[in-house]
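Notes follow the structure.
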Amino acid sequence: MGDWFQTVSDRDATESESQELGAAIHQWLVDEGIVSSDATDCVPGSDIGYPPGPNYQKATGESDDHLLKLATNGLDVITKRSVFHSGQGGFELICSACSDRFEAPNGWGDAVSQWYENKGPGIMACPHCGGRQPINEWKHDPPWGFANLGFEFWNWPPLSDDFVQTIGERLGHRVVLVSGKL
Ligand SMILES: [Zn+2]
C-alpha cells in the first residue's frame, strides 16, 4: 500500500513570506489540537513533520483509528518553491478564459520549468482562444499547485472543504487542494 498525501497549496504566498506564514498556520493547528507541536520523523524522505494531535478530526470531519498507528501520518510544512501534483496518471488543462479543456499543449513544460526555476511567470497561451496566462492561473485537472508554501498531510482521511477554506482565509490567499499517491 502506498502512502497518500493531501497538500493545501498556497497560490499567492511569495518566497519571502512563506516561512513566516507556514509557522503561523502550524501554530494555529497546534492551538486547535489538530497537529502536535513537536516535529518527528513521520513524513516521507528526510523531512520532519508534525504528527496528528488529539483533535485531528477537526480537519477531516471523521476519525480514523488506523491513522494514529501509522509511521507516516504527519504534516509536512513545505516552505520552498514547489510544483505539487498527484504524482501519477495524466491530467488536463482548463483555460480560465474560455473554459476549454485539453491535454498539455506545446509550451506547457517550458512554462512549468520557467516558473519552477524562478525565471518568470511561465506564461502559456490557450490553443483555443489564445488567452495568455501564467502557469499558476491555469486550472489543472486533477489539481496541481504552483506554490512557495504547502501543507502536506500524509495518510489523513479526506480533509474537509471547510478546513481547506479556513486555511485559505487565515492565509488571506487562494489555496488549492492537491492530492495523490507517492
Ligand atoms: Zn482559452
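Lettering and numbering for the C-alpha cells are positional, with chains as A, B, ... in the shown order, residues counted from 1 in each chain, and ligands counted from 1 in the shown order.
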Alpha helix (DSSP H) positions in range 8-146 of chain A, given as a VMD selection string: chain A and resid 15 to 31 57 to 60 65 to 69 108 to 116
At most 8 Å from ligand 1 (only C-alpha atoms and all ligand atoms): residue list as a PDB file with C-alpha atoms, in the first residue's frame:
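Output file selection.pdb is given in full below:
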ATOM      1  CA  ILE A  94      -8.713  24.057 -18.381  1.00  0.00           C
ATOM      2  CA  CYS A  95      -8.450  27.589 -19.709  1.00  0.00           C
ATOM      3  CA  SER A  96      -9.842  30.061 -17.207  1.00  0.00           C
ATOM      4  CA  ALA A  97     -10.812  32.416 -20.041  1.00  0.00           C
ATOM      5  CA  CYS A  98     -12.753  30.147 -22.413  1.00  0.00           C
ATOM      6  CA  SER A  99     -13.163  27.030 -20.211  1.00  0.00           C
ATOM      7  CA  ASP A 100     -11.856  24.825 -22.986  1.00  0.00           C
ATOM      8  CA  ALA A 125      -1.237  30.691 -24.452  1.00  0.00           C
ATOM      9  CA  CYS A 126      -4.534  28.834 -24.788  1.00  0.00           C
ATOM     10  CA  PRO A 127      -4.581  26.830 -28.055  1.00  0.00           C
ATOM     11  CA  HIS A 128      -8.303  27.568 -28.346  1.00  0.00           C
ATOM     12  CA  CYS A 129      -8.817  31.256 -27.536  1.00  0.00           C
ATOM     13  CA  GLY A 130      -5.205  32.447 -27.494  1.00  0.00           C
ATOM     14  CA  GLY A 131      -5.544  33.877 -23.985  1.00  0.00           C
TER      15      GLY A 131
END
Can you pull out every residue from range 50-128 of chain A that DSSP, working from the backbone, puts in strand (DSSP E), and format the result as a PyMOL selection string? chain A and resi 75-78+82-84+92-94+101-102+123-125
Rows by chain and residue number, range 10-111 of chain A within 12 Å of range 133-148 of chain A, shortest pair, only C-alpha atoms, as a tab-separated table:
residue	atom	partner	partner_atom	distance
A:Asp10	CA	A:Ala147	CA	5.6
A:Arg11	CA	A:Ala147	CA	5.3
A:Asp12	CA	A:Ala147	CA	7.2
A:Ala13	CA	A:Asn148	CA	6.1
A:Thr14	CA	A:Asn148	CA	6.2
A:Glu15	CA	A:Asn148	CA	5.5
A:Ser16	CA	A:Asn148	CA	8.9
A:Glu17	CA	A:Asn148	CA	8.8
A:Ser18	CA	A:Asn148	CA	6.1
A:Gln19	CA	A:Asn148	CA	9.1
A:Glu20	CA	A:Asn148	CA	11.6
A:Leu21	CA	A:Asn148	CA	10.4
A:Gly22	CA	A:Asn148	CA	9.9
A:Val77	CA	A:Asn148	CA	10.6
A:Ile78	CA	A:Asn148	CA	7.7
A:Thr79	CA	A:Asn148	CA	5.7
A:Lys80	CA	A:Asn148	CA	5.0
A:Arg81	CA	A:Asn148	CA	4.1
A:Ser82	CA	A:Ala147	CA	5.5
A:Val83	CA	A:Phe146	CA	4.8
A:Phe84	CA	A:Gly145	CA	4.7
A:His85	CA	A:Trp144	CA	4.7
A:Ser86	CA	A:Trp144	CA	7.3
A:Gly87	CA	A:Trp144	CA	9.8
A:Gln88	CA	A:Pro142	CA	10.2
A:Gly89	CA	A:Pro142	CA	9.5
A:Gly90	CA	A:Pro142	CA	8.5
A:Phe91	CA	A:Asp141	CA	5.5
A:Glu92	CA	A:Asp141	CA	5.2
A:Leu93	CA	A:His140	CA	4.6
A:Ile94	CA	A:Lys139	CA	5.1
A:Cys95	CA	A:Trp138	CA	6.1
A:Ser96	CA	A:Trp138	CA	6.4
A:Ala97	CA	A:Gln133	CA	9.1
A:Cys98	CA	A:Trp138	CA	11.4
A:Ser99	CA	A:Lys139	CA	9.4
A:Asp100	CA	A:Lys139	CA	10.6
A:Arg101	CA	A:Asp141	CA	9.2
A:Phe102	CA	A:His140	CA	9.9
A:Glu103	CA	A:His140	CA	9.7
A:Ala104	CA	A:His140	CA	9.4
A:Gly107	CA	A:Ile135	CA	10.4
A:Trp108	CA	A:Ile135	CA	8.0
A:Gly109	CA	A:Ile135	CA	9.9
A:Asp110	CA	A:Ile135	CA	9.9
A:Ala111	CA	A:Ile135	CA	6.3
Name all residues at most 9 Å from Leu68 in chain A (count only C-alpha atoms; drop same-chain ones fewer than 5 positions away) and give them as a compact mmCIF listing (two decimals) with C-alpha atoms, in the first residue's frame.
# COMPACT_ATOMS: atom_id res chain seq x y z
CA PRO A 51 2.01 14.05 13.95
CA PRO A 52 -1.78 14.26 14.37
CA ASN A 73 0.93 10.23 9.42
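When CA of Thr166 in chain A is paired with CA of Lys69 in chain A, their separation reads 27.2 Å.
Going from CA of Asp31 in chain A over to CA of Gly45 in chain A, you cover 26.6 Å.
Between CA of Phe163 in chain A and CA of Val175 in chain A lies a distance of 11.3 Å.
For the choices A:Ser113, A:Asn106, A:Thr60, A:Thr72, the atom-to-atom distance to Trp154 in chain A is smallest for A:Thr72 when using only C-alpha atoms.
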